[in-house]
Amino acid sequence: MPDKLLDFRSDTVTRPTPGMRKAMAEAAVGDDVFGEDPTVNRLQEQVAGLLGKEAALYVPSGTMGNQTCIKVHTLPGDEVICEKGAHVFNYETGGIAFLSGAQVHAVEGKRGAFGVAEIERAVRPDLYYMPKTRLICLENTHNRAGGTVYPLELIREISAFARKKNIRLHLDGARLWNASAATGITPMEYASYFDSVSVCLSKGLGAPVGSVIAGSTAFIAEARHYRKIFGGGMRQAGILAAAGLYALEHNTGRLAEDHEKASFLARELAQVKTFDIDLGSVQTNIIIIGAERTGRSPEEILAALRGKGVLLTLGNYMGLRAVTHLDVTMDEVKRAARIIRETMG
Ligand code: TLP
């Protein structure tokens, strides 16, 4: 086993750099349940500003961010429309049912995106014996579809439709920074179409912990209430928020590098004859690899690669996923590509 594992399981595996740790150690702190942590307050103000929203709230994870927003938007028995592969539906442990008592109406998209036509078919008629369509959740970039960017034109149309129908719109923007880096469209422009947005600091931005949700002042006041119920009221959290502020300052400008690394790795891996990779879906830092034709189970492949020092994770059905991030260099990407190609023959 080589000394350094080349870890492509997720962009969540990054470790804080010395500069980030210094910012954390030096952070001014207070009790955030009393709203008295100056660093948390600064982070919240900064993210609200970046997203053009009235207010924002620091939460421990992307899952809590999404689930808190969904809780504020919905009532038990309501229906939430989202894409079939959405994180809120697949990877948040049934949180929509568990925490909000709402149900999901999953709609199949193309590369993680659908338009008004697909939504219209899913919206319930206003009949007393049917669930109420209360919320639409979009994901940008879309994780399970391979880091794909949600086309702005579709977002605009969906937003206008949702307003007309009085349906709320939430954005799971765990990787909104990546979408912006790929398109040049600002986070503020994207956010302007949504009632609430959740962004993560612990994915491509490299902070160890933390996400921020943003919306109107009234929305965030209610979100604060549910964050406490969900166990997310933290005390001297400025020590963590400082990492988020550092990440925003230092790590958004470099995301394009992660996209270049993913694009290179995808093209290399597409040379493996039994891998299926939709190169058009590799728009940011995620690569989904279809492995059905390899004749080996994804678990077997993952174990073989692990033995040679390369870590990938499970992707879609029968597939693998590789994610690039700030803790893997281009040279390491090249090394990993060589190892994977040799292992797959
Ligand atoms: N995604 C994780 C896993 O849960 C799959 C990853 O490794 O990619 N929204 C999106 C789009 C996400 O990809 C994630 C994390 C979250 C929300 C949740 O964030 P956390 O892990 O902070 O709860």
# chains A, B, ... in the order shown; residues from 1 in each chain; ligands from 1
>>> closest_atom_pairs(of="chain A", to="ligand 1", cutoff="8 Å", atoms="only C-alpha atoms and all ligand atoms", output="tab-separated table")
residue	atom	partner	partner_atom_place_in_ligand_line	distance
A:Arg9	CA	ligand 1	7 (O)	6.9
A:Ser10	CA	ligand 1	7 (O)	4.6
A:Asp11	CA	ligand 1	7 (O)	6.6
A:Thr12	CA	ligand 1	7 (O)	6.0
A:Pro60	CA	ligand 1	22 (O)	7.2
A:Ser61	CA	ligand 1	22 (O)	3.7
A:Gly62	CA	ligand 1	19 (O)	3.4
A:Thr63	CA	ligand 1	23 (O)	3.6
A:Met64	CA	ligand 1	23 (O)	6.4
A:Gly65	CA	ligand 1	23 (O)	7.9
A:Asn66	CA	ligand 1	17 (C)	7.0
A:Ala86	CA	ligand 1	11 (C)	7.2
A:His87	CA	ligand 1	9 (N)	5.2
A:Val88	CA	ligand 1	9 (N)	6.7
A:Tyr91	CA	ligand 1	4 (O)	5.5
A:Glu92	CA	ligand 1	18 (C)	7.3
A:Glu139	CA	ligand 1	11 (C)	6.1
A:Asn140	CA	ligand 1	11 (C)	7.2
A:Thr141	CA	ligand 1	11 (C)	6.9
A:His142	CA	ligand 1	11 (C)	6.0
A:Asn143	CA	ligand 1	11 (C)	5.1
A:Arg144	CA	ligand 1	13 (O)	7.8
A:Asp172	CA	ligand 1	9 (N)	5.7
A:Gly173	CA	ligand 1	11 (C)	6.7
A:Ala174	CA	ligand 1	9 (N)	4.8
A:Arg175	CA	ligand 1	11 (C)	6.5
A:Cys200	CA	ligand 1	22 (O)	6.7
A:Ser202	CA	ligand 1	22 (O)	6.7
A:Lys203	CA	ligand 1	15 (C)	7.6
A:Val209	CA	ligand 1	22 (O)	7.4
A:Gly210	CA	ligand 1	22 (O)	6.8
A:Ser211	CA	ligand 1	22 (O)	6.9
>>> write_last_selection(atoms="N, CA, C and O atoms", output="short mmCIF file (atom, residue, chain, number, x, y, z; two decimals), in the first residue's frame")
data_model
loop_
_atom_site.label_atom_id
_atom_site.label_comp_id
_atom_site.auth_asym_id
_atom_site.auth_seq_id
_atom_site.Cartn_x
_atom_site.Cartn_y
_atom_site.Cartn_z
N ARG A 9 -12.95 10.08 -2.83
CA ARG A 9 -14.30 9.67 -2.42
C ARG A 9 -15.27 10.85 -2.40
O ARG A 9 -16.43 10.71 -2.74
N SER A 10 -14.78 12.00 -1.98
CA SER A 10 -15.66 13.18 -1.92
C SER A 10 -14.81 14.42 -1.73
O SER A 10 -13.65 14.33 -1.27
N ASP A 11 -15.40 15.57 -2.03
CA ASP A 11 -14.71 16.83 -1.71
C ASP A 11 -14.91 17.18 -0.24
O ASP A 11 -14.48 18.24 0.23
N THR A 12 -15.54 16.29 0.51
CA THR A 12 -15.71 16.51 1.96
C THR A 12 -14.50 16.00 2.74
O THR A 12 -14.44 16.20 3.96
N PRO A 60 -24.77 23.18 11.21
CA PRO A 60 -23.62 22.26 11.21
C PRO A 60 -23.41 21.49 9.90
O PRO A 60 -22.29 21.08 9.62
N SER A 61 -24.46 21.24 9.13
CA SER A 61 -24.26 20.39 7.94
C SER A 61 -25.23 20.78 6.83
O SER A 61 -26.25 21.45 7.07
N GLY A 62 -24.92 20.30 5.63
CA GLY A 62 -25.80 20.53 4.49
C GLY A 62 -27.15 19.85 4.70
O GLY A 62 -28.20 20.37 4.32
N THR A 63 -27.11 18.69 5.33
CA THR A 63 -28.35 17.97 5.61
C THR A 63 -29.24 18.80 6.53
O THR A 63 -30.43 18.98 6.27
N MET A 64 -28.64 19.35 7.58
CA MET A 64 -29.47 20.16 8.48
C MET A 64 -29.97 21.42 7.76
O MET A 64 -31.10 21.87 7.98
N GLY A 65 -29.14 21.97 6.89
CA GLY A 65 -29.56 23.15 6.12
C GLY A 65 -30.79 22.85 5.28
O GLY A 65 -31.81 23.55 5.36
N ASN A 66 -30.70 21.80 4.48
CA ASN A 66 -31.84 21.44 3.62
C ASN A 66 -33.07 21.10 4.46
O ASN A 66 -34.17 21.56 4.19
N ALA A 86 -32.12 13.38 -6.29
CA ALA A 86 -31.80 14.50 -5.38
C ALA A 86 -31.21 14.02 -4.06
O ALA A 86 -31.64 13.01 -3.51
N HIS A 87 -30.27 14.80 -3.55
CA HIS A 87 -29.67 14.48 -2.25
C HIS A 87 -30.72 14.47 -1.16
O HIS A 87 -30.75 13.59 -0.31
N VAL A 88 -31.63 15.46 -1.17
CA VAL A 88 -32.66 15.53 -0.10
C VAL A 88 -33.52 14.27 -0.07
O VAL A 88 -34.10 13.95 0.97
N TYR A 91 -30.15 10.80 0.18
CA TYR A 91 -29.01 10.71 1.11
C TYR A 91 -29.24 11.46 2.41
O TYR A 91 -28.28 11.79 3.10
N GLU A 92 -30.49 11.79 2.72
CA GLU A 92 -30.73 12.51 3.98
C GLU A 92 -31.62 11.67 4.89
O GLU A 92 -32.46 12.18 5.62
N GLU A 139 -31.35 21.08 -7.18
CA GLU A 139 -29.99 20.85 -6.67
C GLU A 139 -28.98 21.33 -7.72
O GLU A 139 -29.02 20.90 -8.87
N ASN A 140 -28.10 22.25 -7.32
CA ASN A 140 -27.14 22.85 -8.25
C ASN A 140 -25.82 23.09 -7.53
O ASN A 140 -25.77 23.89 -6.62
N THR A 141 -24.75 22.35 -7.92
CA THR A 141 -24.73 21.33 -8.94
C THR A 141 -25.41 20.06 -8.42
O THR A 141 -25.57 19.90 -7.22
N HIS A 142 -25.76 19.19 -9.36
CA HIS A 142 -26.47 17.96 -8.99
C HIS A 142 -25.45 16.85 -8.76
O HIS A 142 -24.74 16.43 -9.68
N ASN A 143 -25.40 16.40 -7.51
CA ASN A 143 -24.37 15.44 -7.10
C ASN A 143 -24.48 14.12 -7.87
O ASN A 143 -23.58 13.71 -8.60
N ARG A 144 -25.61 13.46 -7.74
CA ARG A 144 -25.75 12.10 -8.28
C ARG A 144 -25.72 12.07 -9.81
O ARG A 144 -25.39 11.06 -10.43
N ASP A 172 -30.89 23.37 -3.05
CA ASP A 172 -29.79 22.67 -2.39
C ASP A 172 -28.53 23.08 -3.15
O ASP A 172 -28.19 22.50 -4.18
N GLY A 173 -27.88 24.10 -2.62
CA GLY A 173 -26.70 24.64 -3.29
C GLY A 173 -25.43 24.24 -2.57
O GLY A 173 -24.50 25.04 -2.43
N ALA A 174 -25.39 22.97 -2.14
CA ALA A 174 -24.18 22.47 -1.46
C ALA A 174 -22.94 22.82 -2.28
O ALA A 174 -21.90 23.18 -1.74
N ARG A 175 -23.08 22.71 -3.61
CA ARG A 175 -21.96 23.03 -4.50
C ARG A 175 -22.32 24.18 -5.46
O ARG A 175 -21.92 24.18 -6.62
N CYS A 200 -22.91 24.95 1.16
CA CYS A 200 -21.97 24.26 2.06
C CYS A 200 -20.58 24.89 2.00
O CYS A 200 -20.12 25.30 0.93
N SER A 202 -18.14 23.02 3.53
CA SER A 202 -17.30 21.85 3.82
C SER A 202 -17.16 20.91 2.62
O SER A 202 -16.67 19.80 2.77
N LYS A 203 -17.58 21.36 1.44
CA LYS A 203 -17.37 20.54 0.24
C LYS A 203 -16.15 21.14 -0.49
O LYS A 203 -15.07 21.11 0.08
N VAL A 209 -16.30 21.94 8.66
CA VAL A 209 -17.69 21.82 9.12
C VAL A 209 -18.47 23.02 8.59
O VAL A 209 -17.92 24.10 8.48
N GLY A 210 -19.75 22.83 8.33
CA GLY A 210 -20.62 23.99 8.24
C GLY A 210 -21.28 24.26 6.92
O GLY A 210 -20.71 24.07 5.84
N SER A 211 -22.52 24.72 7.01
CA SER A 211 -23.32 25.15 5.88
C SER A 211 -24.07 26.40 6.33
O SER A 211 -24.15 26.69 7.52
#
>>> residues_around(residues="A:Thr14", least_positions_apart="6", cutoff="8 Å", atoms="only C-alpha atoms", output="list in words")
Gly206, Ala207, Pro208, His325, Leu326 and Asp327 of chain A
>>> write_last_selection(atoms="C-alpha atoms", output="compact mmCIF listing (two decimals), in the first residue's frame")
# COMPACT_ATOMS: atom_id res chain seq x y z
CA GLY A 206 -12.48 22.93 2.25
CA ALA A 207 -13.86 24.02 5.65
CA PRO A 208 -14.06 21.15 8.15
CA HIS A 325 -10.89 18.73 -4.54
CA LEU A 326 -8.19 20.92 -3.06
CA ASP A 327 -6.29 18.07 -1.38
>>> closest_residue(among="A:Gly115, A:Gly101, A:Pro16, A:Gly345", to="A:Pro131", atoms="only C-alpha atoms")
A:Gly101
>>> select_by_dssp(residues="stretch 86-314 of chain A", states="strand (DSSP E)", output="number ranges by chain")
A: 103-107, 133-139, 168-173, 196-200, 211-215, 286-290, 310-311, 313-314
>>> write_last_selection(atoms="C-alpha atoms", output="JSON list (two decimals), in the first residue's frame")
[["chain", "number", "residue", "atom", "x", "y", "z"],
["A", 103, "GLN", "CA", -43.73, 13.16, 1.19],
["A", 104, "VAL", "CA", -41.58, 13.34, -1.89],
["A", 105, "HIS", "CA", -42.90, 13.41, -5.42],
["A", 106, "ALA", "CA", -39.81, 12.43, -7.38],
["A", 107, "VAL", "CA", -39.53, 13.55, -10.99],
["A", 133, "THR", "CA", -47.76, 20.56, -3.55],
["A", 134, "ARG", "CA", -45.97, 23.00, -1.26],
["A", 135, "LEU", "CA", -42.35, 22.99, -2.31],
["A", 136, "ILE", "CA", -39.99, 22.32, -5.21],
["A", 137, "CYS", "CA", -36.34, 21.54, -4.43],
["A", 138, "LEU", "CA", -33.63, 21.88, -7.06],
["A", 139, "GLU", "CA", -29.99, 20.85, -6.67],
["A", 168, "ARG", "CA", -42.12, 27.57, -2.59],
["A", 169, "LEU", "CA", -38.74, 26.99, -4.20],
["A", 170, "HIS", "CA", -35.65, 25.75, -2.33],
["A", 171, "LEU", "CA", -32.12, 25.35, -3.69],
["A", 172, "ASP", "CA", -29.79, 22.67, -2.39],
["A", 173, "GLY", "CA", -26.70, 24.64, -3.29],
["A", 196, "SER", "CA", -34.42, 29.63, 0.38],
["A", 197, "VAL", "CA", -30.91, 28.46, -0.38],
["A", 198, "SER", "CA", -28.53, 26.12, 1.44],
["A", 199, "VAL", "CA", -24.81, 26.37, 0.66],
["A", 200, "CYS", "CA", -21.97, 24.26, 2.06],
["A", 211, "SER", "CA", -23.32, 25.15, 5.88],
["A", 212, "VAL", "CA", -25.38, 28.32, 5.68],
["A", 213, "ILE", "CA", -29.03, 28.77, 4.78],
["A", 214, "ALA", "CA", -30.40, 32.06, 3.52],
["A", 215, "GLY", "CA", -33.81, 33.61, 2.92],
["A", 286, "ILE", "CA", -17.64, 15.00, -9.98],
["A", 287, "ILE", "CA", -17.31, 11.98, -12.26],
["A", 288, "ILE", "CA", -19.89, 9.20, -12.30],
["A", 289, "ILE", "CA", -18.52, 5.98, -13.75],
["A", 290, "GLY", "CA", -20.84, 3.25, -15.00],
["A", 310, "VAL", "CA", -6.75, 4.98, -4.74],
["A", 311, "LEU", "CA", -10.07, 5.64, -3.04],
["A", 313, "THR", "CA", -16.84, 5.59, -3.72],
["A", 314, "LEU", "CA", -20.14, 4.19, -4.92]]
>>> closest_residue(among="A:Ile220, A:Leu205, A:Leu312, A:Ala97", to="A:His250", atoms="only C-alpha atoms")
A:Leu205
>>> atom_distance(atom1="atom CA of A:Leu50", atom2="atom CA of A:Cys82")
25.1 Å
>>> residues_around(residues="A:Glu45", least_positions_apart="6", cutoff="10 Å", atoms="only C-alpha atoms", output="NGL selection string")
:A and (39 or 51 or 53-57 or 214)
>>> write_last_selection(atoms="all heavy atoms", output="mmCIF file, in the first residue's frame")
data_model
loop_
_atom_site.group_PDB
_atom_site.id
_atom_site.type_symbol
_atom_site.label_atom_id
_atom_site.label_comp_id
_atom_site.auth_asym_id
_atom_site.auth_seq_id
_atom_site.Cartn_x
_atom_site.Cartn_y
_atom_site.Cartn_z
ATOM 1 N N THR A 39 -18.134 36.021 15.175
ATOM 2 C CA THR A 39 -17.631 35.404 13.940
ATOM 3 C C THR A 39 -18.766 34.713 13.193
ATOM 4 O O THR A 39 -18.854 34.795 11.967
ATOM 5 C CB THR A 39 -16.471 34.427 14.267
ATOM 6 O OG1 THR A 39 -15.530 35.121 15.086
ATOM 7 C CG2 THR A 39 -15.787 33.933 13.019
ATOM 8 N N LEU A 51 -25.493 36.051 -1.315
ATOM 9 C CA LEU A 51 -26.653 35.422 -1.953
ATOM 10 C C LEU A 51 -27.794 36.421 -2.175
ATOM 11 O O LEU A 51 -28.859 36.055 -2.688
ATOM 12 C CB LEU A 51 -27.146 34.235 -1.109
ATOM 13 C CG LEU A 51 -26.140 33.082 -0.951
ATOM 14 C CD1 LEU A 51 -26.707 31.998 -0.032
ATOM 15 C CD2 LEU A 51 -25.776 32.465 -2.300
ATOM 16 N N LYS A 53 -29.740 37.809 -0.022
ATOM 17 C CA LYS A 53 -30.913 37.525 0.817
ATOM 18 C C LYS A 53 -30.874 38.421 2.063
ATOM 19 O O LYS A 53 -29.820 38.904 2.466
ATOM 20 C CB LYS A 53 -30.927 36.049 1.246
ATOM 21 C CG LYS A 53 -31.040 35.065 0.080
ATOM 22 C CD LYS A 53 -32.411 35.138 -0.568
ATOM 23 C CE LYS A 53 -32.600 34.113 -1.658
ATOM 24 N NZ LYS A 53 -33.629 34.491 -2.626
ATOM 25 N N GLU A 54 -32.042 38.579 2.710
ATOM 26 C CA GLU A 54 -32.112 39.452 3.883
ATOM 27 C C GLU A 54 -31.322 38.882 5.057
ATOM 28 O O GLU A 54 -30.734 39.623 5.834
ATOM 29 C CB GLU A 54 -33.581 39.592 4.333
ATOM 30 C CG GLU A 54 -34.388 40.536 3.474
ATOM 31 C CD GLU A 54 -35.875 40.517 3.828
ATOM 32 O OE1 GLU A 54 -36.304 39.819 4.792
ATOM 33 O OE2 GLU A 54 -36.613 41.214 3.118
ATOM 34 N N ALA A 55 -31.356 37.568 5.208
ATOM 35 C CA ALA A 55 -30.738 36.981 6.405
ATOM 36 C C ALA A 55 -30.199 35.592 6.100
ATOM 37 O O ALA A 55 -30.565 34.972 5.088
ATOM 38 C CB ALA A 55 -31.781 36.902 7.522
ATOM 39 N N ALA A 56 -29.320 35.122 7.012
ATOM 40 C CA ALA A 56 -28.741 33.778 6.834
ATOM 41 C C ALA A 56 -28.501 33.166 8.207
ATOM 42 O O ALA A 56 -28.492 33.861 9.229
ATOM 43 C CB ALA A 56 -27.439 33.866 6.047
ATOM 44 N N LEU A 57 -28.332 31.855 8.210
ATOM 45 C CA LEU A 57 -28.156 31.120 9.462
ATOM 46 C C LEU A 57 -27.115 30.021 9.275
ATOM 47 O O LEU A 57 -27.189 29.241 8.315
ATOM 48 C CB LEU A 57 -29.511 30.489 9.849
ATOM 49 C CG LEU A 57 -29.616 29.812 11.203
ATOM 50 C CD1 LEU A 57 -29.555 30.858 12.330
ATOM 51 C CD2 LEU A 57 -30.935 29.032 11.302
ATOM 52 N N ALA A 214 -30.077 30.639 3.678
ATOM 53 C CA ALA A 214 -30.405 32.061 3.523
ATOM 54 C C ALA A 214 -31.812 32.207 2.986
ATOM 55 O O ALA A 214 -32.324 31.341 2.274
ATOM 56 C CB ALA A 214 -29.392 32.714 2.579
#
>>> decode(residues="stretch 217-284 of chain A", atoms="C-alpha atoms", output="PDB file, in the first residue's frame")
ATOM      1  CA  THR A 217     -35.756  37.708   7.711  1.00  0.00           C
ATOM      2  CA  ALA A 218     -39.023  35.990   8.699  1.00  0.00           C
ATOM      3  CA  PHE A 219     -37.916  32.711   7.106  1.00  0.00           C
ATOM      4  CA  ILE A 220     -34.587  32.716   8.948  1.00  0.00           C
ATOM      5  CA  ALA A 221     -36.261  33.556  12.276  1.00  0.00           C
ATOM      6  CA  GLU A 222     -38.387  30.433  11.885  1.00  0.00           C
ATOM      7  CA  ALA A 223     -35.399  28.400  10.686  1.00  0.00           C
ATOM      8  CA  ARG A 224     -33.523  29.379  13.865  1.00  0.00           C
ATOM      9  CA  HIS A 225     -36.352  27.857  15.897  1.00  0.00           C
ATOM     10  CA  TYR A 226     -36.172  24.529  14.009  1.00  0.00           C
ATOM     11  CA  ARG A 227     -32.367  24.501  14.022  1.00  0.00           C
ATOM     12  CA  LYS A 228     -32.604  24.464  17.831  1.00  0.00           C
ATOM     13  CA  ILE A 229     -35.199  21.665  17.799  1.00  0.00           C
ATOM     14  CA  PHE A 230     -32.970  19.639  15.466  1.00  0.00           C
ATOM     15  CA  GLY A 231     -30.051  20.007  17.890  1.00  0.00           C
ATOM     16  CA  GLY A 232     -28.125  22.505  15.776  1.00  0.00           C
ATOM     17  CA  GLY A 233     -27.942  25.378  18.265  1.00  0.00           C
ATOM     18  CA  MET A 234     -24.206  25.671  18.848  1.00  0.00           C
ATOM     19  CA  ARG A 235     -22.355  27.755  21.391  1.00  0.00           C
ATOM     20  CA  GLN A 236     -18.845  29.164  20.623  1.00  0.00           C
ATOM     21  CA  ALA A 237     -19.276  28.138  16.997  1.00  0.00           C
ATOM     22  CA  GLY A 238     -17.173  31.075  15.798  1.00  0.00           C
ATOM     23  CA  ILE A 239     -14.197  28.732  15.909  1.00  0.00           C
ATOM     24  CA  LEU A 240     -15.878  26.780  13.079  1.00  0.00           C
ATOM     25  CA  ALA A 241     -17.423  29.771  11.323  1.00  0.00           C
ATOM     26  CA  ALA A 242     -13.918  31.266  11.057  1.00  0.00           C
ATOM     27  CA  ALA A 243     -12.983  28.314   8.840  1.00  0.00           C
ATOM     28  CA  GLY A 244     -15.998  29.110   6.666  1.00  0.00           C
ATOM     29  CA  LEU A 245     -15.014  32.777   6.330  1.00  0.00           C
ATOM     30  CA  TYR A 246     -11.457  31.722   5.496  1.00  0.00           C
ATOM     31  CA  ALA A 247     -12.780  29.245   2.910  1.00  0.00           C
ATOM     32  CA  LEU A 248     -14.948  31.885   1.245  1.00  0.00           C
ATOM     33  CA  GLU A 249     -12.019  34.255   1.039  1.00  0.00           C
ATOM     34  CA  HIS A 250      -9.362  31.815  -0.162  1.00  0.00           C
ATOM     35  CA  ASN A 251     -11.009  28.843  -1.821  1.00  0.00           C
ATOM     36  CA  THR A 252     -13.777  29.954  -4.185  1.00  0.00           C
ATOM     37  CA  GLY A 253     -11.345  31.387  -6.758  1.00  0.00           C
ATOM     38  CA  ARG A 254      -9.557  28.048  -7.178  1.00  0.00           C
ATOM     39  CA  LEU A 255     -12.564  25.784  -7.894  1.00  0.00           C
ATOM     40  CA  ALA A 256     -11.911  25.941 -11.644  1.00  0.00           C
ATOM     41  CA  GLU A 257      -8.717  23.939 -10.948  1.00  0.00           C
ATOM     42  CA  ASP A 258     -10.805  21.138  -9.450  1.00  0.00           C
ATOM     43  CA  HIS A 259     -12.972  21.177 -12.575  1.00  0.00           C
ATOM     44  CA  GLU A 260      -9.890  20.891 -14.803  1.00  0.00           C
ATOM     45  CA  LYS A 261      -8.671  17.929 -12.737  1.00  0.00           C
ATOM     46  CA  ALA A 262     -12.059  16.212 -13.038  1.00  0.00           C
ATOM     47  CA  SER A 263     -12.207  16.835 -16.758  1.00  0.00           C
ATOM     48  CA  PHE A 264      -8.708  15.337 -17.201  1.00  0.00           C
ATOM     49  CA  LEU A 265      -9.493  12.329 -14.992  1.00  0.00           C
ATOM     50  CA  ALA A 266     -12.788  11.681 -16.789  1.00  0.00           C
ATOM     51  CA  ARG A 267     -11.107  11.685 -20.188  1.00  0.00           C
ATOM     52  CA  GLU A 268      -8.441   9.270 -18.897  1.00  0.00           C
ATOM     53  CA  LEU A 269     -10.986   6.922 -17.348  1.00  0.00           C
ATOM     54  CA  ALA A 270     -13.136   7.005 -20.468  1.00  0.00           C
ATOM     55  CA  GLN A 271     -10.257   5.045 -22.070  1.00  0.00           C
ATOM     56  CA  VAL A 272     -11.141   2.046 -19.902  1.00  0.00           C
ATOM     57  CA  LYS A 273     -13.208   0.068 -22.402  1.00  0.00           C
ATOM     58  CA  THR A 274     -15.660  -1.330 -19.871  1.00  0.00           C
ATOM     59  CA  PHE A 275     -16.340   1.989 -18.092  1.00  0.00           C
ATOM     60  CA  ASP A 276     -19.287   4.121 -19.179  1.00  0.00           C
ATOM     61  CA  ILE A 277     -18.734   7.819 -18.616  1.00  0.00           C
ATOM     62  CA  ASP A 278     -20.973  10.563 -19.962  1.00  0.00           C
ATOM     63  CA  LEU A 279     -18.244  13.131 -20.574  1.00  0.00           C
ATOM     64  CA  GLY A 280     -20.870  15.820 -21.175  1.00  0.00           C
ATOM     65  CA  SER A 281     -21.998  15.455 -17.570  1.00  0.00           C
ATOM     66  CA  VAL A 282     -18.523  16.180 -16.212  1.00  0.00           C
ATOM     67  CA  GLN A 283     -19.131  19.911 -15.863  1.00  0.00           C
ATOM     68  CA  THR A 284     -17.563  20.515 -12.452  1.00  0.00           C
TER      69      THR A 284
END
